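Engineer: The structure is given below, and queries will be raised subsequently.
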Number of protein chains: 4
Amino acid sequence: MIAMPPEEARLSIETVNGMDADAFAAAFGDIYEHSRWVAEAAFASVPFESLSALHAAMQDAVEAAPKTARLDLIRAHPDLAGKAALAGELTADSSAEQASAGLDRLSPEQMARFQALNAAYVERFGFPFVMAVRDADAARIIAGFEGRLENDRAGEIRRALAEIGKIAWMRLLAAVIPVPTGRLTTHVLCTATGRPADGMPVALYRLDSDGGRTLLGRFITNPDGRLDAPALAGADLEAGTYELVFEAGVYFARAGVATDAPAFLDRVPVRFSIANPERHYHVPLLVSPWAYSTYRGS
Amino acid sequence: MIAMPPEEARLSIETVNGMDADAFAAAFGDIYEHSRWVAEAAFASVPFESLSALHAAMQDAVEAAPKTARLDLIRAHPDLAGKAALAGELTADSSAEQASAGLDRLSPEQMARFQALNAAYVERFGFPFVMAVRDADAARIIAGFEGRLENDRAGEIRRALAEIGKIAWMRLLAAVIPVPTGRLTTHVLCTATGRPADGMPVALYRLDSDGGRTLLGRFITNPDGRLDAPALAGADLEAGTYELVFEAGVYFARAGVATDAPAFLDRVPVRFSIANPERHYHVPLLVSPWAYSTYRGS
Amino acid sequence: MIAMPPEEARLSIETVNGMDADAFAAAFGDIYEHSRWVAEAAFASVPFESLSALHAAMQDAVEAAPKTARLDLIRAHPDLAGKAALAGELTADSSAEQASAGLDRLSPEQMARFQALNAAYVERFGFPFVMAVRDADAARIIAGFEGRLENDRAGEIRRALAEIGKIAWMRLLAAVIPVPTGRLTTHVLCTATGRPADGMPVALYRLDSDGGRTLLGRFITNPDGRLDAPALAGADLEAGTYELVFEAGVYFARAGVATDAPAFLDRVPVRFSIANPERHYHVPLLVSPWAYSTYRGS
Amino acid sequence: MIAMPPEEARLSIETVNGMDADAFAAAFGDIYEHSRWVAEAAFASVPFESLSALHAAMQDAVEAAPKTARLDLIRAHPDLAGKAALAGELTADSSAEQASAGLDRLSPEQMARFQALNAAYVERFGFPFVMAVRDADAARIIAGFEGRLENDRAGEIRRALAEIGKIAWMRLLAAVIPVPTGRLTTHVLCTATGRPADGMPVALYRLDSDGGRTLLGRFITNPDGRLDAPALAGADLEAGTYELVFEAGVYFARAGVATDAPAFLDRVPVRFSIANPERHYHVPLLVSPWAYSTYRGS
């Protein structure tokens with residue numbers, strides 16, 4: 001779960017839309033690392049109907065900028081676990097992001113590995129490695145390094161800018177309250193019988209980055225295999241990691257669908273993250289006693 | 001996880017195959033509730049090459065028996081959460097099974113619900129409700145009651161005998177050490193790239209019925225998307241519930257497959273039970289950043 | 001495609017609901033082979049809101065009948081490719097059904113195989129083999145024989161009655177016009193991008209049992225991955241076999257999703273049959289350049 | 001199906017490996033349009049163990065070339081349905097490729113649409129639109145235009161080079177006989193029963209670009225749900241489009257898995273293309289009476 005400031009510490013989109021140019025640049029000048037020009041350019045698109053629209057305006061500004069400005073934007077980022085971090089010279093956001101991925105607690109061996117990868121990357125591309133690392137971990141970041149070292153330079157510039165877009169999105173989420181247009185829904189189909197799974201208990205949990213889990217609700221699928229209302233909607237739908245646990249075994253017992261003892265599939269956990277709480281996340285389950293699939297639907 | 005007696009308290013299949021008729025009937029006379037004749041009939045098929053073969057011989061004996069004998073076998077079972085349980089008159093196996101499903105700790109309301117369901121069931125079919133309940137819970141058993149009350153009588157006899165077969169299998173697992181022919185394998189394919197997922201970390205856990213989990217191993221997929229050896233094999237593969245956790249996010253980072261931030265799918269848990277440790281369980285994952293499926297393969 | 005009499009040769013459900021008992025029994029007395037009592041019992045449930053309701057009333061009558069009556073119903077059916085067929089003694093319906101499966105054109109070897117299977121089946125169960133064979137073929141029927149010879153008698157009685165229910169349904173479809181409540185819809189999700197597939201061309205064909213195909217319509221998915229209206233609805237939705245052909249390659253080209261050359265998946269055909277034109281058939285596609293799945297949704 | 005010259009008109013990899021630099025450049029100088037330097041650079045990697053290796057060496061040469069050379073390579077390609085085509089000035093390969101996509105038979109309206117898209121594309125990117133169009137059609141090419149017009153320039157250069165790589169691959173296939181290391185295999189799992197589908201008939205067809213189909217073989221799945229040997233292997237496995245038709249209905253009839261009448265799924269066609277006959281194509285089917293999925297496996 002992304003640790004999020006309380007609502008009262010975040011701006012509403014109405015407040016954002018009421019800002020003048022200076023206030024806007026002051027509020028969002030660091031969303032793109034040391035690159036206040038992005039916020040300044042995005043200000044032309046005020047008012048924004050949503051946080052997604054604000055982010056899109058900032059990304060559009062990056063894409064419309066000259067190539068040298070885009071390269072400077074990449075170069076404005078610190079190395080991951082690099083000298084600036086060791087010297088305590090990171091922006092507050094960068095420092096928190098690197099800490100959330102454990103980069104402030106690396107072993108000497110890991111630190112050496114990061115330094116070697118940073119050096120190889122800069123040598124190859126001429127700019128620092130940028131990756132959205134909030135809540136990632138060292139293994140993932142090393143995997144990212146290894147994969148991206150094989151890109152060509154044009155592809156890697158593209159990729160670095162995409163990562164910067166993700167970082168900006170997560171910083172914006174911590175600064176502005178999303179418009180409550182999102183919802184989380186599900187739908188269960190039994191592929192053994194070709195029917196909606198009626199009467200299947202479903203539980204929803206929020207997962208914290210430290211392994212904790214909080215029960216958010218318990219539901220029962222209706223005769224169409226859906227919940228009667230969204231599992232989460234509006235302000236309750238925060239960016240973060242969730243788990244739906246489908247009690248397929250209870251459904252199979254009631255529907256008379258034969259299973260092994262114990263059943264191969266019983267409680268089916270589906271873990272996923274919501275990146276944009278302004279969107280609809282439909283997370284269905286297609287399940288038989290021997291197989292299941294899930295996907296982000298619409 | 002099915003609580004299993006230690007190996008030294010269980011018989012080897014060689015020991016079973018060396019038994020004379022009396023010893024065999026004494027050892028297995030209660031596998032089918034109060035129905036020693038099943039074991040006596042199965043003895044004709046000694047020697048058995050596996051626990052599965054022993055179970056199959058016993059089930060064959062049931063199916064070959066006259067219809068009245070099969071009905072008597074069903075009737076030899078106690079009500080779930082019924083008077084015999086209250087009076088402490090269950091066989092040791094039945095008592096343990098009912099306790100594992102929490103039937104010895106029902107609230108008065110639940111107890112009343114069970115008595116009503118038992119009564120309705122006996123009224124409809126003329127024999128008691130039999131269900132393999134080890135490690136089930138009250139919700140599942142009530143679902144089973146509700147679903148099966150809608151069967152016709154011939155179908156329900158079939159179903160009750162199938163449940164008795166499952167109960168027998170779980171009792172046999174507690175009495176005899178399976179032949180170590182089983183194994184657990186996996187295979188990960190990336191459906192976004194059409195390639196085996198190379199270098200994906202995978203962890204395997206054993207889950208206990210009380211919610212605990214034990215890490216059994218950590219693996220990395222090889223260039224064909226498989227583990228270099230079975231995740232579990234032979235005596236290490238016990239009946240019970242497991243969870244494979246696939247670190248899809250690490251793979252996507254290395255393979256350069258674009259994801260959201262945070263990624264919709266990152267750590268993908270696949271929870272399943274192994275009913276028969278003498279068999280091969282192949283549990284693959286087909287995964288993209290937005291969808292996955294799994295199944296019992298071969 | 002099930003060859004269906006023209007609408008003017010079929011009854012409306014209003015006409016059926018206006019019948020008196022004699023007319024009803026005359027109209028539907030042969031829906032269950034030589035078993036007019038089924039129609040007579042179902043008449044008590046007039047009026048019917050749909051053809052599905054009429055069929056359900058008839059099946060309920062079968063299930064409510066004494067076991068001997070149900071066995072007599074099974075026994076009222078002729079052998080498949082049996083002596084009655086050779087002697088031209090089948091009911092018109094049975095004769096047409098057997099001919100649609102090619103049973104009137106068997107080679108001498110096939111004929112001998114059927115006679116052997118019929119004999120083995122009658123020997124084992126004491127009643128003739130009943131299977132809904134319209135538009136099946138000899139291979140499928142032989143597969144049915146082989147599989148069902150392994151059932152126990154109670155299970156096989158169940159199965160024979162289920163097949164009789166299917167035969168009745170197909171006879172009813174030829175006699176009564178379904179209520180136009182059904183529709184065929186689809187939905188395409190791209191599992192490589194996690195987005196609805198916008199702008200994918202889709203064609204719908206009707207397939208004839210002789211291999212012919214008729215184009216029924218061409219569609220383009222909208223931004224939500226759906227068609228703007230059902231692909232078929234109401235009276236246009238007839239029982240039979242259809243094929244949706246999804247132009248995934250066109251979508252991937254527009255969406256910039258990388259594929260091989262030629263693409264592994266390009267035109268994706270999904271072939272399915274509609275058994276009940278009063279129902280909703282939702283037939284979605286989840287597709288990446290390397291994998292797809294489909295199912296009957298809701 | 002890609003129309004392929006007969007084997008005797010194609011070179012063996014041994015012949016290629018025996019060529020001197022001049023012969024090699026003469027043979028492969030036009031694989032990359034008007035860019036003989038690609039073949040000249042790839043010659044350094046002789047000998048090649050496969051056609052795939054030859055193609056990889058040529059693509060590596062492109063990637064290692066200076067950016068200006070890569071842009072010149074893109075610019076060496078003619079417009080699709082452009083002036084050079086109208087004037088008959090295309091290379092023989094380009095002319096055949098454009099004709100295979102029907103670009104020599106466009107209506108005046110389509111021609112005007114292509115000219116407008118070509119103009120918009122050149123205006124935006126400064127080089128002509130390149131797309132591997134063999135056996136594509138106008139709709140797909142227009143979709144490609146529309147999608148790619150939204151790319152940024154760096155991304156579009158990447159994409160154009162990827163398309164050039166595909167064109168080169170298809171030209172190489174027409175010039176050199178692949179090494180016979182490929183095979184086509186399948187595997188059928190029944191997700192209703194959790195078991196391999198034993199005894200399912202499967203037919204394999206080759207599809208021609210004009211809609212014709214040729215039966216290549218009929219198979220029956222074995223008890224593990226597989227074919228006893230590859231459906232195609234070695235020299236029989238040619239690049240092109242194929243269809244596997246799985247007779248799921250026959251399997252369900254034998255296995256006693258309940259279906260509708262007619263069954264929702266009966267004959268399941270899976271259509272796919274093989275781009276590289278030196279590779280293993282594993283095309284499995286996971287199927288219940290109500291759902292199926294397929295994918296490129298390994």
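Ordered as shown in the structure tokens, chains take letters A, B, and onward, while each chain numbers its residues from 1 and ligands are numbered from 1 in the order shown.
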Could I get the residues of chain B with an atom no further than 8 Å from an atom of chain A, each paired with its nearest atom pair and that distance in Å to one decimal, using only C-alpha atoms, sorted by chain and residue number, as a tab-separated table?

Structural biologist:
```
residue	atom	partner	partner_atom	distance
B:Ala132	CA	A:Ala261	CA	7.2
B:Ala139	CA	A:Val250	CA	7.0
B:Arg140	CA	A:Val250	CA	4.7
B:Ile141	CA	A:Ala253	CA	7.6
B:Ala143	CA	A:Arg254	CA	4.5
B:Gly144	CA	A:Ala253	CA	4.6
B:Phe145	CA	A:Arg254	CA	7.3
B:Glu146	CA	A:Arg254	CA	6.2
B:Gly147	CA	A:Arg254	CA	4.1
B:Arg148	CA	A:Gly256	CA	6.7
B:Lys166	CA	A:Ala261	CA	5.7
B:Ile167	CA	A:Ala261	CA	7.9
B:Met170	CA	A:Ala261	CA	7.6
B:Gly240	CA	A:Pro262	CA	7.5
B:Gly249	CA	A:Arg140	CA	7.2
B:Val250	CA	A:Arg140	CA	4.7
B:Tyr251	CA	A:Ala143	CA	7.3
B:Ala253	CA	A:Gly144	CA	4.6
B:Arg254	CA	A:Gly147	CA	4.1
B:Ala255	CA	A:Gly147	CA	5.6
B:Gly256	CA	A:Gly147	CA	6.1
B:Asp260	CA	A:Ala275	CA	6.6
B:Ala261	CA	A:Lys166	CA	5.7
B:Pro262	CA	A:Ala275	CA	5.5
B:Ala263	CA	A:Ser273	CA	6.2
B:Phe264	CA	A:Ser273	CA	4.6
B:Leu265	CA	A:Phe272	CA	5.1
B:Asp266	CA	A:Phe272	CA	7.1
B:Arg267	CA	A:Arg271	CA	7.3
B:Val268	CA	A:Arg271	CA	6.4
B:Pro269	CA	A:Pro269	CA	6.7
B:Val270	CA	A:Pro269	CA	7.1
B:Arg271	CA	A:Val268	CA	6.4
B:Phe272	CA	A:Leu265	CA	5.1
B:Ser273	CA	A:Phe264	CA	4.6
B:Ile274	CA	A:Phe264	CA	6.3
B:Ala275	CA	A:Pro262	CA	5.5
B:Trp290	CA	A:Tyr295	CA	5.6
B:Ala291	CA	A:Tyr295	CA	3.9
B:Tyr292	CA	A:Ser293	CA	5.6
B:Ser293	CA	A:Ser293	CA	3.9
B:Thr294	CA	A:Ala291	CA	5.7
B:Tyr295	CA	A:Ala291	CA	3.9
B:Arg296	CA	A:Trp290	CA	5.6
```

Engineer: Taking the chain letters and numbering used in this document, name the residues of stretch 134-273 of chain D that DSSP puts in strand (DSSP E or B), as an MDAnalysis selection string.

Structural biologist: chainID D and resid 176 183:185 187:190 195:196 201:207 213:220 226 232:233 240:247 267:273

Engineer: Could you find all residues in stretch 22-184 of chain C that DSSP calls helix (DSSP H, G or I) from the backbone, and write them as a ChimeraX atom specification?

Structural biologist: /C:22-28,36-45,51-64,67-75,83-86,92-100,103-105,108-125,138-148,153-175

Engineer: What does chain C look like once superposed on chain B, all Cα atoms paired in sequence order, least squares? Give it as a short mmCIF file (atom, residue, chain, number, x, y, z; two decimals) with C-alpha atoms, in the first residue's frame.

Structural biologist:
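Printed below is superposed21.cif as written:
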```
data_model
loop_
_atom_site.label_atom_id
_atom_site.label_comp_id
_atom_site.auth_asym_id
_atom_site.auth_seq_id
_atom_site.Cartn_x
_atom_site.Cartn_y
_atom_site.Cartn_z
CA MET C 1 -2.85 -28.01 5.70
CA ILE C 2 -4.10 -31.40 6.70
CA ALA C 3 -2.53 -32.26 10.03
CA MET C 4 -0.80 -35.52 9.31
CA PRO C 5 0.63 -38.02 11.80
CA PRO C 6 4.42 -38.30 11.64
CA GLU C 7 5.78 -40.86 9.19
CA GLU C 8 6.76 -43.27 11.95
CA ALA C 9 3.12 -43.50 13.02
CA ARG C 10 2.07 -44.45 9.49
CA LEU C 11 2.42 -47.73 7.65
CA SER C 12 4.49 -48.23 4.53
CA ILE C 13 2.78 -49.76 1.54
CA GLU C 14 5.20 -52.70 1.89
CA THR C 15 3.96 -53.29 5.43
CA VAL C 16 0.38 -53.17 4.20
CA ASN C 17 1.16 -55.62 1.42
CA GLY C 18 2.65 -58.03 3.99
CA MET C 19 -0.47 -58.15 6.17
CA ASP C 20 -2.71 -61.15 6.46
CA ALA C 21 -6.46 -60.77 6.11
CA ASP C 22 -7.10 -60.18 9.80
CA ALA C 23 -4.38 -57.62 10.21
CA PHE C 24 -5.56 -55.84 7.07
CA ALA C 25 -9.17 -55.71 8.24
CA ALA C 26 -8.05 -54.53 11.67
CA ALA C 27 -5.93 -51.79 10.15
CA PHE C 28 -8.50 -50.56 7.62
CA GLY C 29 -11.85 -51.70 8.99
CA ASP C 30 -12.84 -48.16 9.97
CA ILE C 31 -11.68 -46.36 6.87
CA TYR C 32 -15.27 -46.73 5.73
CA GLU C 33 -17.35 -45.82 8.77
CA HIS C 34 -18.46 -48.97 10.67
CA SER C 35 -18.16 -50.92 7.40
CA ARG C 36 -15.36 -53.44 7.82
CA TRP C 37 -16.66 -55.34 4.79
CA VAL C 38 -15.10 -52.79 2.47
CA ALA C 39 -11.60 -53.56 3.75
CA GLU C 40 -12.34 -57.26 3.70
CA ALA C 41 -13.32 -57.11 0.04
CA ALA C 42 -10.36 -54.95 -0.92
CA PHE C 43 -7.94 -57.43 0.64
CA ALA C 44 -8.41 -59.64 -2.42
CA SER C 45 -6.43 -57.09 -4.42
CA VAL C 46 -3.26 -57.21 -2.29
CA PRO C 47 -0.51 -56.30 -3.20
CA PHE C 48 -1.03 -52.61 -3.93
CA GLU C 49 1.53 -50.63 -5.81
CA SER C 50 0.46 -47.39 -4.19
CA LEU C 51 -1.90 -45.84 -1.70
CA SER C 52 -3.98 -44.70 -4.67
CA ALA C 53 -4.35 -48.33 -5.71
CA LEU C 54 -5.45 -49.34 -2.22
CA HIS C 55 -8.06 -46.61 -2.22
CA ALA C 56 -9.24 -47.58 -5.69
CA ALA C 57 -9.66 -51.19 -4.56
CA MET C 58 -11.80 -50.08 -1.64
CA GLN C 59 -13.95 -47.81 -3.82
CA ASP C 60 -14.34 -50.64 -6.33
CA ALA C 61 -15.57 -52.84 -3.49
CA VAL C 62 -18.20 -50.22 -2.62
CA GLU C 63 -19.35 -49.94 -6.21
CA ALA C 64 -19.52 -53.69 -6.62
CA ALA C 65 -21.63 -54.11 -3.48
CA PRO C 66 -25.39 -54.51 -3.67
CA LYS C 67 -27.41 -51.33 -3.51
CA THR C 68 -28.64 -52.13 0.00
CA ALA C 69 -25.08 -52.47 1.23
CA ARG C 70 -24.21 -49.12 -0.27
CA LEU C 71 -27.20 -47.51 1.42
CA ASP C 72 -26.19 -49.13 4.71
CA LEU C 73 -22.73 -47.65 4.27
CA ILE C 74 -24.22 -44.18 3.92
CA ARG C 75 -26.45 -44.78 6.92
CA ALA C 76 -23.47 -45.86 9.00
CA HIS C 77 -22.35 -42.22 9.08
CA PRO C 78 -23.32 -39.90 11.92
CA ASP C 79 -25.15 -36.64 11.43
CA LEU C 80 -22.87 -33.64 11.17
CA ALA C 81 -23.11 -31.71 14.43
CA GLY C 82 -25.84 -34.13 15.37
CA LYS C 83 -26.96 -35.94 18.47
CA ALA C 84 -24.20 -38.53 18.35
CA ALA C 85 -21.62 -35.76 18.27
CA LEU C 86 -23.26 -34.01 21.20
CA ALA C 87 -23.35 -37.27 23.13
CA GLY C 88 -19.69 -38.04 22.36
CA GLU C 89 -20.59 -41.22 20.47
CA LEU C 90 -18.63 -40.63 17.24
CA THR C 91 -15.77 -42.77 16.02
CA ALA C 92 -12.42 -41.14 16.68
CA ASP C 93 -12.04 -40.29 12.99
CA SER C 94 -15.48 -38.72 12.71
CA SER C 95 -14.95 -36.76 15.88
CA ALA C 96 -11.63 -35.35 14.65
CA GLU C 97 -13.07 -34.56 11.24
CA GLN C 98 -16.05 -32.69 12.66
CA ALA C 99 -13.77 -30.79 15.04
CA SER C 100 -11.43 -29.77 12.18
CA ALA C 101 -14.43 -28.09 10.57
CA GLY C 102 -15.34 -26.34 13.81
CA LEU C 103 -18.55 -28.32 14.25
CA ASP C 104 -17.78 -28.83 17.95
CA ARG C 105 -17.81 -25.07 18.48
CA LEU C 106 -21.03 -23.97 16.79
CA SER C 107 -23.10 -21.12 18.18
CA PRO C 108 -26.63 -22.06 19.32
CA GLU C 109 -28.00 -20.45 16.14
CA GLN C 110 -25.66 -22.46 13.94
CA MET C 111 -26.48 -25.60 15.88
CA ALA C 112 -30.18 -25.01 15.27
CA ARG C 113 -29.48 -24.44 11.57
CA PHE C 114 -27.60 -27.72 11.31
CA GLN C 115 -30.36 -29.60 13.08
CA ALA C 116 -32.94 -28.16 10.71
CA LEU C 117 -30.83 -29.04 7.67
CA ASN C 118 -30.14 -32.55 8.96
CA ALA C 119 -33.84 -33.07 9.51
CA ALA C 120 -34.81 -31.76 6.08
CA TYR C 121 -32.16 -33.92 4.44
CA VAL C 122 -33.14 -37.12 6.20
CA GLU C 123 -36.78 -36.41 5.45
CA ARG C 124 -36.02 -35.99 1.75
CA PHE C 125 -33.56 -38.82 1.20
CA GLY C 126 -33.98 -41.28 4.07
CA PHE C 127 -30.29 -41.29 5.02
CA PRO C 128 -27.95 -38.89 6.79
CA PHE C 129 -26.01 -36.11 5.07
CA VAL C 130 -22.42 -37.19 4.43
CA MET C 131 -19.76 -34.71 3.42
CA ALA C 132 -15.97 -34.75 3.59
CA VAL C 133 -15.60 -31.91 6.06
CA ARG C 134 -11.99 -32.09 7.18
CA ASP C 135 -10.75 -28.51 7.18
CA ALA C 136 -14.04 -27.27 5.73
CA ASP C 137 -16.03 -24.74 7.75
CA ALA C 138 -19.65 -24.20 8.67
CA ALA C 139 -20.35 -21.95 5.67
CA ARG C 140 -19.13 -24.55 3.22
CA ILE C 141 -21.05 -27.35 4.87
CA ILE C 142 -24.25 -25.32 4.90
CA ALA C 143 -23.68 -24.55 1.20
CA GLY C 144 -23.29 -28.28 0.60
CA PHE C 145 -26.53 -29.02 2.43
CA GLU C 146 -28.41 -26.39 0.47
CA GLY C 147 -27.12 -27.49 -2.90
CA ARG C 148 -27.59 -31.19 -2.33
CA LEU C 149 -31.13 -30.85 -1.01
CA GLU C 150 -32.03 -30.04 -4.63
CA ASN C 151 -30.67 -33.29 -6.05
CA ASP C 152 -32.87 -36.22 -6.93
CA ARG C 153 -32.40 -39.33 -4.80
CA ALA C 154 -30.34 -41.35 -7.30
CA GLY C 155 -28.04 -38.43 -7.85
CA GLU C 156 -27.71 -37.82 -4.16
CA ILE C 157 -26.80 -41.46 -3.43
CA ARG C 158 -24.05 -41.10 -6.01
CA ARG C 159 -22.88 -37.91 -4.42
CA ALA C 160 -22.92 -39.33 -0.87
CA LEU C 161 -20.81 -42.28 -2.03
CA ALA C 162 -18.38 -39.89 -3.69
CA GLU C 163 -18.06 -37.97 -0.42
CA ILE C 164 -17.48 -41.25 1.42
CA GLY C 165 -14.72 -41.99 -1.05
CA LYS C 166 -13.09 -38.66 -0.21
CA ILE C 167 -13.39 -39.27 3.53
CA ALA C 168 -11.79 -42.67 3.06
CA TRP C 169 -8.96 -41.14 1.07
CA MET C 170 -8.18 -38.63 3.78
CA ARG C 171 -8.30 -41.34 6.45
CA LEU C 172 -5.95 -43.50 4.39
CA LEU C 173 -3.51 -40.61 4.05
CA ALA C 174 -3.31 -40.48 7.84
CA ALA C 175 -2.67 -44.22 8.06
CA VAL C 176 -0.32 -45.09 5.20
CA ILE C 177 2.74 -43.32 3.77
CA PRO C 178 2.14 -42.50 0.09
CA VAL C 179 4.52 -43.89 -2.49
CA PRO C 180 6.90 -41.03 -3.38
CA THR C 181 5.96 -40.74 -7.04
CA GLY C 182 4.42 -37.25 -6.96
CA ARG C 183 5.91 -33.91 -7.82
CA LEU C 184 4.98 -30.29 -8.10
CA THR C 185 6.15 -28.36 -11.15
CA THR C 186 5.40 -25.02 -12.71
CA HIS C 187 5.98 -23.12 -15.94
CA VAL C 188 5.58 -19.42 -16.62
CA LEU C 189 4.70 -17.97 -20.01
CA CYS C 190 4.46 -14.27 -20.72
CA THR C 191 1.41 -13.71 -22.91
CA ALA C 192 2.47 -10.15 -23.69
CA THR C 193 5.63 -11.30 -25.44
CA GLY C 194 4.80 -14.90 -26.34
CA ARG C 195 7.94 -16.08 -24.60
CA PRO C 196 8.73 -18.22 -21.57
CA ALA C 197 9.28 -15.94 -18.58
CA ASP C 198 12.99 -16.18 -17.90
CA GLY C 199 14.32 -15.15 -14.50
CA MET C 200 11.07 -14.82 -12.58
CA PRO C 201 11.48 -15.41 -8.82
CA VAL C 202 8.93 -17.86 -7.42
CA ALA C 203 8.36 -18.72 -3.77
CA LEU C 204 6.52 -21.75 -2.44
CA TYR C 205 4.68 -21.72 0.88
CA ARG C 206 2.76 -24.34 2.83
CA LEU C 207 -0.42 -22.99 4.39
CA ASP C 208 -1.77 -24.25 7.69
CA SER C 209 -5.45 -24.44 8.44
CA ASP C 210 -4.95 -21.82 11.15
CA GLY C 211 -3.66 -19.25 8.68
CA GLY C 212 0.07 -19.82 9.21
CA ARG C 213 2.42 -20.12 6.28
CA THR C 214 5.84 -21.74 6.01
CA LEU C 215 8.31 -20.88 3.26
CA LEU C 216 9.36 -24.12 1.56
CA GLY C 217 11.63 -22.75 -1.11
CA ARG C 218 12.61 -19.94 -3.45
CA PHE C 219 13.23 -20.53 -7.13
CA ILE C 220 14.04 -18.66 -10.32
CA THR C 221 12.53 -19.64 -13.65
CA ASN C 222 15.02 -20.73 -16.30
CA PRO C 223 15.08 -19.62 -19.96
CA ASP C 224 12.28 -22.09 -20.74
CA GLY C 225 10.12 -20.53 -17.99
CA ARG C 226 10.43 -23.65 -15.81
CA LEU C 227 12.19 -24.43 -12.55
CA ASP C 228 15.30 -26.54 -12.95
CA ALA C 229 13.81 -29.22 -10.68
CA PRO C 230 10.38 -29.90 -9.19
CA ALA C 231 9.40 -27.42 -6.49
CA LEU C 232 8.51 -30.45 -4.37
CA ALA C 233 8.91 -34.14 -5.03
CA GLY C 234 8.61 -37.50 -3.35
CA ALA C 235 8.22 -37.54 0.41
CA ASP C 236 8.33 -33.75 0.59
CA LEU C 237 5.11 -33.53 -1.37
CA GLU C 238 2.44 -33.93 1.28
CA ALA C 239 -1.29 -33.57 0.92
CA GLY C 240 -2.27 -30.07 1.93
CA THR C 241 -2.59 -26.50 0.82
CA TYR C 242 0.19 -24.55 -0.85
CA GLU C 243 0.79 -21.16 -2.36
CA LEU C 244 3.12 -20.33 -5.20
CA VAL C 245 3.92 -16.62 -5.33
CA PHE C 246 5.19 -15.53 -8.73
CA GLU C 247 7.20 -12.28 -8.81
CA ALA C 248 5.80 -11.17 -12.13
CA GLY C 249 6.82 -7.57 -11.47
CA VAL C 250 10.50 -8.47 -11.31
CA TYR C 251 10.20 -10.31 -14.60
CA PHE C 252 8.37 -7.44 -16.31
CA ALA C 253 11.03 -4.99 -15.09
CA ARG C 254 13.80 -7.12 -16.59
CA ALA C 255 11.94 -7.95 -19.82
CA GLY C 256 11.05 -4.32 -20.41
CA VAL C 257 7.33 -5.03 -20.48
CA ALA C 258 5.48 -1.80 -19.69
CA THR C 259 3.32 -1.69 -16.56
CA ASP C 260 1.40 0.88 -14.54
CA ALA C 261 2.89 2.36 -11.39
CA PRO C 262 2.24 0.56 -9.20
CA ALA C 263 1.89 -2.38 -11.55
CA PHE C 264 -1.62 -3.90 -11.75
CA LEU C 265 -0.04 -7.32 -11.28
CA ASP C 266 3.16 -7.71 -9.33
CA ARG C 267 3.32 -10.62 -6.89
CA VAL C 268 0.83 -13.20 -8.17
CA PRO C 269 -0.24 -15.73 -5.53
CA VAL C 270 -1.64 -19.06 -6.71
CA ARG C 271 -3.17 -21.09 -3.89
CA PHE C 272 -4.07 -24.73 -4.41
CA SER C 273 -4.37 -28.00 -2.56
CA ILE C 274 -2.71 -31.29 -3.28
CA ALA C 275 -5.09 -34.13 -2.55
CA ASN C 276 -2.96 -36.99 -3.78
CA PRO C 277 0.80 -36.80 -3.13
CA GLU C 278 1.40 -39.76 -5.43
CA ARG C 279 0.44 -37.65 -8.47
CA HIS C 280 2.07 -35.00 -10.59
CA TYR C 281 0.73 -31.49 -10.01
CA HIS C 282 1.71 -29.11 -12.76
CA VAL C 283 0.59 -25.59 -11.88
CA PRO C 284 1.59 -23.17 -14.66
CA LEU C 285 1.05 -19.44 -14.95
CA LEU C 286 0.21 -17.55 -18.12
CA VAL C 287 0.70 -13.90 -17.33
CA SER C 288 0.75 -10.45 -18.89
CA PRO C 289 0.82 -7.20 -16.92
CA TRP C 290 -2.99 -7.20 -17.07
CA ALA C 291 -4.21 -10.78 -16.97
CA TYR C 292 -3.23 -14.22 -15.82
CA SER C 293 -4.51 -17.74 -15.75
CA THR C 294 -3.50 -20.93 -14.04
CA TYR C 295 -4.73 -24.52 -14.07
CA ARG C 296 -3.86 -28.03 -13.08
CA GLY C 297 -1.82 -29.19 -16.01
CA SER C 298 -0.13 -32.45 -16.83
#
```
